[in-house]
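Structure, as structure tokens:
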Amino acid sequence: MQQISGGITAPSGFLSVGVRCGLKTTGNDLAIIYSQEPSVAAAVFTANRFCAAPISISRQHLASASTIQAIVVNSGCANCATGEQGLLDAQRMTEIVAAGLNISSDSVLVASTGKIGTFLLMNKIETGIHNALSVLSRDGCLSAAEAIMTTDTRPKQAAVEIIIQGKQVNIGGMAKGAGMIAPNMATMLSFLTTDAMLPKELLNKMLQEAVNGSFNSITIDGDTSTNDMVAILANGASGIVPNESDLNILQAGLNLVCLELATMIIRDAEGATKLVRILVKNAPDKNSAKIIGLSIANSTLVKCAVFGADPNWGRILCAIGNTGVEIDLKDIDVYVGKVQLVRNSCARGFDHAEAHQLLSMDEVELIIDLKQGTQEAVVLGCDLTTEYVSFNAHYST
């Protein structure tokens, strides 16, 4: 397995493009992904109950259609809190795409991202879709990745090549997200493609595993968006039907693409200066390890301490205690990198200057050893900076 270029169109049979239709003040703001053959599809959607209109429409289409062939995405307007008109507009987007591609509208998924509470400018959307359909290509992956950006500073795309049964199978993807990121599926927008031939039940299972170890293991600010989704299309264009022994490497490839995209999101977090990798090890089970890792990553006080390079280990223990996870709290060790801050849940003398130096790096590693099992989980987070506060204090103005 090796990483390759090409993003969302790295797998055979996929075309994409991003165009500008005028929903944002600058840059591309509408993307289309198209499979030249009907695709098996799977998706996970935001757990936020105040979900946006495109989420409702995409859920309906995924449930009613046997295959999906296209995805249309706009940025610059979330189409959330827009009532019945928002639903009609989201459905209309799928109908315009379907008419242009000569496919059924329920084989089109739709996604939106941007400011909540504003209506789509459908005249601009319709013109943008027609323009996009006329220039779909294998080379459109970068423009598509750019078109789904909001507060992102750079596009996010990844792809891998896998050899299965002596033939090449590719997996590609793109994502957006820099704020309002918290793991409760889906946490942002991500679209994935593969030319492997997979049944829907298996594709669903594989996507869930990949998401749990990537997008559901990152957090920037603890807020789950109203619009988020991760969707994957498998069109079978490679002609490869993976057998039982092939599935591990295929899953590893999907996991890698998702983890690369998730890491890009953390590196591009609004105002952040540091990526924080939290390893919770020797836990009684994976879920407990993940809950503890997320509590630490979401702690405002821990995030501020990381920003200030302050080895304030008491805040880490506080975050662990707040989880309610049933563990023995007497035997916990805490490290920043190689420097041990806590032994058996008590203060341990350490080199403050060395710990400060490790916390000053652009990648910080926190290790929590529970010493109560064999399971572990890794969570990615970031620091909380004055720039983040300033940006979000003035987001609407």
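So you can find residues: chains in the structure tokens are A, B, ... in the order shown, residues in each start at 1, and ligands are numbered from 1 in order.
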Backbone DSSP call of alpha helix (DSSP H) for segment 5-126 of chain A, listed as a PyMOL selection string: chain A and resi 53-64+83-101+122-126
Only N, CA and C atoms, please: the residues just picked out, written as a tab-separated table (two decimals), in the first residue's frame.
```tsv
chain	number	residue	atom	x	y	z
A	53	ALA	N	-31.13	20.77	6.37
A	53	ALA	CA	-31.97	20.21	5.31
A	53	ALA	C	-31.24	19.19	4.43
A	54	PRO	N	-30.00	19.46	3.97
A	54	PRO	CA	-29.34	18.48	3.12
A	54	PRO	C	-29.09	17.14	3.81
A	55	ILE	N	-28.92	17.15	5.13
A	55	ILE	CA	-28.76	15.90	5.86
A	55	ILE	C	-30.04	15.08	5.76
A	56	SER	N	-31.18	15.72	5.95
A	56	SER	CA	-32.46	15.00	5.85
A	56	SER	C	-32.67	14.42	4.46
A	57	ILE	N	-32.36	15.19	3.44
A	57	ILE	CA	-32.55	14.71	2.06
A	57	ILE	C	-31.59	13.57	1.75
A	58	SER	N	-30.35	13.71	2.14
A	58	SER	CA	-29.36	12.65	1.86
A	58	SER	C	-29.71	11.37	2.59
A	59	ARG	N	-30.18	11.47	3.82
A	59	ARG	CA	-30.62	10.28	4.54
A	59	ARG	C	-31.74	9.57	3.78
A	60	GLN	N	-32.70	10.35	3.30
A	60	GLN	CA	-33.82	9.77	2.55
A	60	GLN	C	-33.34	9.06	1.29
A	61	HIS	N	-32.46	9.72	0.55
A	61	HIS	CA	-31.98	9.14	-0.71
A	61	HIS	C	-31.16	7.89	-0.47
A	62	LEU	N	-30.33	7.90	0.57
A	62	LEU	CA	-29.52	6.73	0.87
A	62	LEU	C	-30.40	5.54	1.25
A	63	ALA	N	-31.49	5.82	1.92
A	63	ALA	CA	-32.40	4.75	2.34
A	63	ALA	C	-33.25	4.22	1.19
A	64	SER	N	-33.60	5.09	0.25
A	64	SER	CA	-34.54	4.70	-0.80
A	64	SER	C	-33.88	4.17	-2.07
A	83	GLY	N	-36.34	25.72	7.46
A	83	GLY	CA	-37.70	25.21	7.35
A	83	GLY	C	-37.98	24.41	6.09
A	84	GLU	N	-39.23	24.44	5.66
A	84	GLU	CA	-39.67	23.67	4.50
A	84	GLU	C	-38.96	24.13	3.23
A	85	GLN	N	-38.69	25.44	3.13
A	85	GLN	CA	-38.01	25.95	1.94
A	85	GLN	C	-36.62	25.35	1.82
A	86	GLY	N	-35.95	25.18	2.94
A	86	GLY	CA	-34.62	24.57	2.91
A	86	GLY	C	-34.64	23.15	2.38
A	87	LEU	N	-35.65	22.37	2.77
A	87	LEU	CA	-35.79	21.01	2.27
A	87	LEU	C	-36.06	21.01	0.76
A	88	LEU	N	-36.92	21.91	0.33
A	88	LEU	CA	-37.22	22.01	-1.11
A	88	LEU	C	-35.97	22.40	-1.90
A	89	ASP	N	-35.17	23.30	-1.34
A	89	ASP	CA	-33.96	23.74	-2.04
A	89	ASP	C	-32.93	22.61	-2.12
A	90	ALA	N	-32.77	21.86	-1.02
A	90	ALA	CA	-31.82	20.74	-1.03
A	90	ALA	C	-32.25	19.68	-2.04
A	91	GLN	N	-33.55	19.37	-2.05
A	91	GLN	CA	-34.06	18.41	-3.02
A	91	GLN	C	-33.88	18.92	-4.44
A	92	ARG	N	-34.10	20.21	-4.63
A	92	ARG	CA	-33.96	20.81	-5.96
A	92	ARG	C	-32.52	20.69	-6.45
A	93	MET	N	-31.55	20.83	-5.56
A	93	MET	CA	-30.15	20.67	-5.96
A	93	MET	C	-29.91	19.28	-6.54
A	94	THR	N	-30.48	18.25	-5.90
A	94	THR	CA	-30.29	16.89	-6.41
A	94	THR	C	-31.00	16.71	-7.75
A	95	GLU	N	-32.13	17.37	-7.93
A	95	GLU	CA	-32.87	17.24	-9.19
A	95	GLU	C	-32.13	17.90	-10.35
A	96	ILE	N	-31.51	19.04	-10.10
A	96	ILE	CA	-30.76	19.72	-11.16
A	96	ILE	C	-29.58	18.87	-11.59
A	97	VAL	N	-28.86	18.31	-10.61
A	97	VAL	CA	-27.73	17.43	-10.93
A	97	VAL	C	-28.20	16.21	-11.69
A	98	ALA	N	-29.28	15.59	-11.21
A	98	ALA	CA	-29.79	14.37	-11.84
A	98	ALA	C	-30.20	14.62	-13.29
A	99	ALA	N	-30.85	15.75	-13.53
A	99	ALA	CA	-31.28	16.06	-14.90
A	99	ALA	C	-30.08	16.23	-15.82
A	100	GLY	N	-29.04	16.86	-15.32
A	100	GLY	CA	-27.85	17.09	-16.14
A	100	GLY	C	-27.07	15.82	-16.42
A	101	LEU	N	-27.16	14.85	-15.53
A	101	LEU	CA	-26.42	13.59	-15.70
A	101	LEU	C	-27.31	12.46	-16.21
A	122	MET	N	-30.75	30.06	-4.96
A	122	MET	CA	-30.93	28.95	-5.89
A	122	MET	C	-30.65	29.33	-7.34
A	123	ASN	N	-30.81	30.59	-7.69
A	123	ASN	CA	-30.46	30.97	-9.06
A	123	ASN	C	-28.96	30.81	-9.29
A	124	LYS	N	-28.16	31.17	-8.29
A	124	LYS	CA	-26.71	30.99	-8.40
A	124	LYS	C	-26.33	29.51	-8.33
A	125	ILE	N	-27.01	28.77	-7.46
A	125	ILE	CA	-26.76	27.33	-7.34
A	125	ILE	C	-27.04	26.63	-8.67
A	126	GLU	N	-28.16	26.93	-9.29
A	126	GLU	CA	-28.52	26.26	-10.55
A	126	GLU	C	-27.50	26.57	-11.64
```
Test item: residues at most 12 Å from segment 325-342 of chain A, only C-alpha atoms, excluding those fewer than 6 positions along its chain, as a PyMOL selection string: chain A and resi 276-293+295-296+306+309-319+348-361+363-373
DSSP-assigned strand (DSSP E or B) among segment 101-275 of chain A, expressed as an MDAnalysis selection string: chainID A and resid 108:113 137 156:164 167:176 189:194 218 229:234 275
Computed interatomic separation between atom CA of Gly253 of chain A and atom CA of Ile163 of chain A (Å): 10.6 Å
Shortest interatomic distance to Ser143 of chain A - which of A:Val379, A:Cys258, A:Val17, A:Ala10, counting only C-alpha atoms: A:Val17
Computed interatomic separation between atom CA of Ala159 of chain A and atom CA of Asn255 of chain A (Å): 11.0 Å
